[in-house]
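Asker: The structure is given below, and queries will be raised subsequently.
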Amino acid sequence: MVENYKIGGFGVILSVLIGVILTGVQASGVGHAARVLELSERFLEVRKDGVWLVKFYAPWCGHCKKLEPIFNHVAQALHDTNIRVAKVDCTRFPTVASEFNVRGYPTIMFISGNRINIYNGERITQDIVDYAKKMNGPHITETSLDPYDIDGHLFGYYGPKSDPLWLEFETVAKDNQDTDRYYHFTSQLESTPHVINKKSNGLVLNVTEVARVKAFVASHRFDPFVRLTRSNFYRFIQTKKWVVIGVIDEDKLGRSPDHHLEFRDVLETLADNVDFQRFQLAWTTAVDFMAKFVTSELETPYLLVINSSNYEHYFLHEEKKGWSNERILTYLEVVSQGGGRAYGGDT
């Protein structure tokens, strides 16, 4: 059975058309079939009808094959929403790929009306599901709650919507909806307009200058200690801070050696004691990805420090006595003051 979607006076025709181009769509409230829908070139005629999460793929693509079961799980997780999960074989329908400017496989896009966003996150079921739900909601949430009543990291705005600061905040929120959470706190509409960043640990920062909002968000979009991945790496670089990364191993089951986890725990404790305005701490299991900074083979775990302004980087190796807050803190101060041996860089 097919839902009857109306656009102007073409409701009946459109419902038939959707039935032709989609497979297994069910009309059960806002829900859809718990499987990935196959699209054809006719998708171009109805792309602005409804909300879509579309995978563009090629049958010969190895990465596409790995994504197949994951995307099936995504469809199952989103079947009770208004988001249609679908896929396009770009070798059969190159016109569709060209229309959406697909440059590589697989490419996942969130499509709603004239709005098109490319998913750049990890190819993990929950990450993709969270992304789709986030993009399907408002880019700014109106709330009368206090920031401390909302768990987790967020950006917020206080003040009237007539102020230029609101317009800039709204623009930044639209551009970064896929990665951050934005709120309009309505309990103090008469207060001096300002933008805040609340960390998960309760720390609150604020800015009042319109010209500083974009840089403020880029610099403070992470909590003091978070996981770095291939997909979010360049957002760390955009912080313009010293990016301090603990590199540890992880097997296919997501398990790490005990002494690697102990190293990560040391860094997590350290995050509360460093100058967060200068240093952004993180940990990663993307050993192969981090190898791009390594000039010789390094044994994990190790500390990688990147100067995000010029890509110069530094290494700190594990000693027999293990890791300590004091040793790492001292090293960070030395490096940030121009000491230590630097590698690479873009100058």
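Each chain in the structure tokens gets a letter, A, B, ..., in the order shown, and its residues are numbered from 1; ligands are numbered from 1 in order too.
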Residues near Ile237 of chain A, anyone? I mean within 10 Å using only C-alpha atoms, not counting same-chain ones fewer than 2 positions away, as an MDAnalysis selection string.
Answerer: chainID A and resid 218:219 232:235 239:243 280 306:311
Asker: Contacts of Gln177 of chain A at 8 Å or less, counting only C-alpha atoms, minus same-chain residues fewer than 3 places along, as a list in words?
Answerer: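 My reading of the contact set: Lys134, Met135, His139, Ala173, Lys174, Asp180, Arg181 and Tyr182 of chain A.
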Asker: Excluding segment 282-288 of chain A and residues on its chain fewer than 5 positions from it, collect all residues at most 12 Å away from it, counting only C-alpha atoms, and give them as number ranges by chain.
Answerer: A: 122, 222-233, 236, 242-252, 254-257, 260-271, 276, 293-294, 297-306
Asker: Write a file of the just-selected residues containing C-alpha atoms, as a PDB file, in the first residue's frame.
Answerer:
```pdb
ATOM      1  CA  GLU A 122      31.593   6.946  10.459  1.00  0.00           C
ATOM      2  CA  PHE A 222      34.258  19.414  21.456  1.00  0.00           C
ATOM      3  CA  ASP A 223      34.205  18.415  25.090  1.00  0.00           C
ATOM      4  CA  PRO A 224      37.623  18.458  26.815  1.00  0.00           C
ATOM      5  CA  PHE A 225      38.289  14.768  26.006  1.00  0.00           C
ATOM      6  CA  VAL A 226      36.591  13.002  23.105  1.00  0.00           C
ATOM      7  CA  ARG A 227      37.176  10.277  20.547  1.00  0.00           C
ATOM      8  CA  LEU A 228      38.871  11.298  17.307  1.00  0.00           C
ATOM      9  CA  THR A 229      37.912   9.469  14.111  1.00  0.00           C
ATOM     10  CA  ARG A 230      38.728   9.720  10.430  1.00  0.00           C
ATOM     11  CA  SER A 231      35.515  11.630   9.844  1.00  0.00           C
ATOM     12  CA  ASN A 232      35.889  14.277  12.566  1.00  0.00           C
ATOM     13  CA  PHE A 233      39.664  14.774  12.378  1.00  0.00           C
ATOM     14  CA  PHE A 236      39.763  19.093  15.405  1.00  0.00           C
ATOM     15  CA  TRP A 242      47.146  22.121  20.046  1.00  0.00           C
ATOM     16  CA  VAL A 243      45.458  18.786  19.367  1.00  0.00           C
ATOM     17  CA  VAL A 244      46.709  16.154  21.820  1.00  0.00           C
ATOM     18  CA  ILE A 245      45.865  12.590  20.762  1.00  0.00           C
ATOM     19  CA  GLY A 246      46.360   9.336  22.608  1.00  0.00           C
ATOM     20  CA  VAL A 247      46.759   6.615  19.962  1.00  0.00           C
ATOM     21  CA  ILE A 248      45.759   3.138  21.144  1.00  0.00           C
ATOM     22  CA  ASP A 249      44.975  -0.226  19.578  1.00  0.00           C
ATOM     23  CA  GLU A 250      41.548  -1.815  19.252  1.00  0.00           C
ATOM     24  CA  ASP A 251      40.640  -5.217  17.831  1.00  0.00           C
ATOM     25  CA  LYS A 252      37.676  -6.054  15.611  1.00  0.00           C
ATOM     26  CA  GLY A 254      36.276  -3.152  20.027  1.00  0.00           C
ATOM     27  CA  ARG A 255      38.651  -4.372  22.742  1.00  0.00           C
ATOM     28  CA  SER A 256      41.899  -2.644  23.708  1.00  0.00           C
ATOM     29  CA  PRO A 257      44.830  -3.932  25.809  1.00  0.00           C
ATOM     30  CA  HIS A 260      46.316   1.101  26.416  1.00  0.00           C
ATOM     31  CA  LEU A 261      43.115   1.782  28.343  1.00  0.00           C
ATOM     32  CA  GLU A 262      45.169   2.937  31.314  1.00  0.00           C
ATOM     33  CA  PHE A 263      46.918   5.439  29.029  1.00  0.00           C
ATOM     34  CA  ARG A 264      43.550   6.683  27.801  1.00  0.00           C
ATOM     35  CA  ASP A 265      42.382   7.072  31.411  1.00  0.00           C
ATOM     36  CA  VAL A 266      45.455   9.165  32.225  1.00  0.00           C
ATOM     37  CA  LEU A 267      44.623  11.505  29.354  1.00  0.00           C
ATOM     38  CA  GLU A 268      40.997  11.757  30.430  1.00  0.00           C
ATOM     39  CA  THR A 269      42.089  12.819  33.905  1.00  0.00           C
ATOM     40  CA  LEU A 270      44.573  15.233  32.398  1.00  0.00           C
ATOM     41  CA  ALA A 271      41.849  16.946  30.357  1.00  0.00           C
ATOM     42  CA  PHE A 276      41.344  24.047  27.254  1.00  0.00           C
ATOM     43  CA  PHE A 293      51.908  11.730  10.605  1.00  0.00           C
ATOM     44  CA  VAL A 294      54.449   9.068  11.538  1.00  0.00           C
ATOM     45  CA  GLU A 297      57.089   2.937  12.801  1.00  0.00           C
ATOM     46  CA  LEU A 298      55.841   3.697  16.301  1.00  0.00           C
ATOM     47  CA  GLU A 299      54.635   1.226  18.857  1.00  0.00           C
ATOM     48  CA  THR A 300      51.267   1.973  20.396  1.00  0.00           C
ATOM     49  CA  PRO A 301      50.259   3.490  22.673  1.00  0.00           C
ATOM     50  CA  TYR A 302      51.849   6.853  21.943  1.00  0.00           C
ATOM     51  CA  LEU A 303      50.991  10.525  22.265  1.00  0.00           C
ATOM     52  CA  LEU A 304      50.666  12.592  19.083  1.00  0.00           C
ATOM     53  CA  VAL A 305      50.558  16.389  19.429  1.00  0.00           C
ATOM     54  CA  ILE A 306      49.543  18.441  16.377  1.00  0.00           C
TER      55      ILE A 306
END
```
Asker: Considering only C-alpha atoms, state which residue in the set A:Glu190, A:Asp275, A:Glu142, A:Asp175 is at the smallest distance from Arg115 of chain A.
Answerer: A:Asp175
Asker: Among the residues of segment 172-235 of chain A, find those DSSP assigns to strand (DSSP E) from the backbone and print them as a ChimeraX atom specification.
Answerer: /A:182-185,194-198,204-207,225-227
Asker: For a quick check of understanding, using only C-alpha atoms, which of A:Arg221, A:Asp130, A:Glu326, A:Ala34 has the smallest distance to Asp80 of chain A?
Answerer: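 Of the candidates, the smallest distance to Asp80 of chain A is held by A:Ala34.
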Asker: By how many Å are atom CA of Phe100 of chain A and atom CA of Val74 of chain A apart?
Answerer: 21.4 Å
Asker: Run DSSP on the backbone and give me the residues of segment 123-274 of chain A it puts in helix (DSSP H, G or I), as a VMD selection string.
Answerer: chain A and resid 125 to 136 147 to 149 164 to 175 186 to 188 210 to 220 233 to 237 258 to 270
Asker: Set the distance at 10 Å and use only C-alpha atoms: which residues neighbour Tyr131 of chain A once local chain neighbours fewer than 5 positions away are removed? I'd like the list as an NGL selection string.
Answerer: :A and (53 or 110 or 119-121 or 125-126 or 136 or 177-179)
Asker: Now that the selection is made, can you save its residues with N, CA and C atoms as a PDB file, in the first residue's frame?
Answerer:
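Generated output (out.pdb):
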```pdb
ATOM      1  N   LEU A  53      16.878   9.501   3.005  1.00  0.00           N
ATOM      2  CA  LEU A  53      18.273   9.184   3.308  1.00  0.00           C
ATOM      3  C   LEU A  53      18.699   8.198   2.228  1.00  0.00           C
ATOM      4  N   PHE A 110      21.369  13.152   2.859  1.00  0.00           N
ATOM      5  CA  PHE A 110      20.074  13.468   3.461  1.00  0.00           C
ATOM      6  C   PHE A 110      19.426  14.492   2.546  1.00  0.00           C
ATOM      7  N   TYR A 119      26.517  12.977   4.196  1.00  0.00           N
ATOM      8  CA  TYR A 119      26.939  12.393   5.471  1.00  0.00           C
ATOM      9  C   TYR A 119      28.436  12.121   5.421  1.00  0.00           C
ATOM     10  N   ASN A 120      29.168  12.678   6.378  1.00  0.00           N
ATOM     11  CA  ASN A 120      30.622  12.515   6.415  1.00  0.00           C
ATOM     12  C   ASN A 120      31.095  11.768   7.650  1.00  0.00           C
ATOM     13  N   GLY A 121      30.158  11.158   8.378  1.00  0.00           N
ATOM     14  CA  GLY A 121      30.519  10.471   9.607  1.00  0.00           C
ATOM     15  C   GLY A 121      31.001   9.049   9.392  1.00  0.00           C
ATOM     16  N   THR A 125      26.029   1.942  12.129  1.00  0.00           N
ATOM     17  CA  THR A 125      24.567   2.041  12.133  1.00  0.00           C
ATOM     18  C   THR A 125      24.065   3.184  13.001  1.00  0.00           C
ATOM     19  N   GLN A 126      24.459   3.200  14.285  1.00  0.00           N
ATOM     20  CA  GLN A 126      23.914   4.194  15.203  1.00  0.00           C
ATOM     21  C   GLN A 126      24.301   5.602  14.809  1.00  0.00           C
ATOM     22  N   ASN A 136      16.713  15.675  10.445  1.00  0.00           N
ATOM     23  CA  ASN A 136      15.269  15.729  10.230  1.00  0.00           C
ATOM     24  C   ASN A 136      14.575  16.650  11.227  1.00  0.00           C
ATOM     25  N   GLN A 177      24.461  21.748  11.633  1.00  0.00           N
ATOM     26  CA  GLN A 177      23.415  20.947  12.257  1.00  0.00           C
ATOM     27  C   GLN A 177      23.811  19.484  12.399  1.00  0.00           C
ATOM     28  N   ASP A 178      24.622  18.989  11.468  1.00  0.00           N
ATOM     29  CA  ASP A 178      24.972  17.573  11.483  1.00  0.00           C
ATOM     30  C   ASP A 178      25.938  17.208  12.601  1.00  0.00           C
ATOM     31  N   THR A 179      26.622  18.187  13.185  1.00  0.00           N
ATOM     32  CA  THR A 179      27.635  17.863  14.190  1.00  0.00           C
ATOM     33  C   THR A 179      27.348  18.415  15.582  1.00  0.00           C
TER      34      THR A 179
END
```
Asker: Would you please work out which residue, of A:Leu253, A:Val102, A:Ile83, A:Ala291, is nearest to Ile118 of chain A when using only C-alpha atoms?
Answerer: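 Under the stated criterion, the closest residue is A:Val102.
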Asker: Can you list, as a list of chain:residue names, every protein, DNA or RNA residue that comes within 12 Å of Asn101 of chain A when you count only C-alpha atoms, leaving out same-chain residues fewer than 4 positions away?
Answerer: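 These residues fall inside the cut-off: A:Phe56, A:Cys90, A:Pro94, A:Thr95, A:Val96, A:Ala97, A:Tyr105, A:Thr107, A:Ile108, A:Met109, A:Ile116, A:Asn117, A:Ile118.
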Asker: Could you tell me how far atom CA of Lys321 of chain A lies from atom CA of Gln337 of chain A, in Å and to one decimal?
Answerer: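 Between atom CA of Lys321 of chain A and atom CA of Gln337 of chain A the gap works out to 25.9 Å.
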Asker: How many Å lie between atom CA of Phe216 of chain A and atom CA of Gly202 of chain A, rounded to one decimal?
Answerer: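 According to the coordinates, atom CA of Phe216 of chain A and atom CA of Gly202 of chain A are separated by 17.4 Å.
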Asker: Would you pick out the contacts of Gly152 of chain A at 8 Å or less, using only C-alpha atoms, so that residues sharing its chain but fewer than 6 positions from it are not included, and give the list as a ChimeraX atom specification?
Answerer: /A:198-201
Asker: Deliver the residues from the most recent selection as a file, using C-alpha atoms, as a PDB file, in the first residue's frame.
Answerer:
```pdb
ATOM      1  CA  LYS A 198      28.154  24.404  27.618  1.00  0.00           C
ATOM      2  CA  LYS A 199      30.523  21.486  28.017  1.00  0.00           C
ATOM      3  CA  SER A 200      29.335  18.140  29.348  1.00  0.00           C
ATOM      4  CA  ASN A 201      31.236  18.851  32.563  1.00  0.00           C
TER       5      ASN A 201
END
```
Asker: With distances taken over only C-alpha atoms, which of A:Arg84, A:His63, A:Arg327, A:His73 is nearest to Pro106 of chain A?
Answerer: A:His63
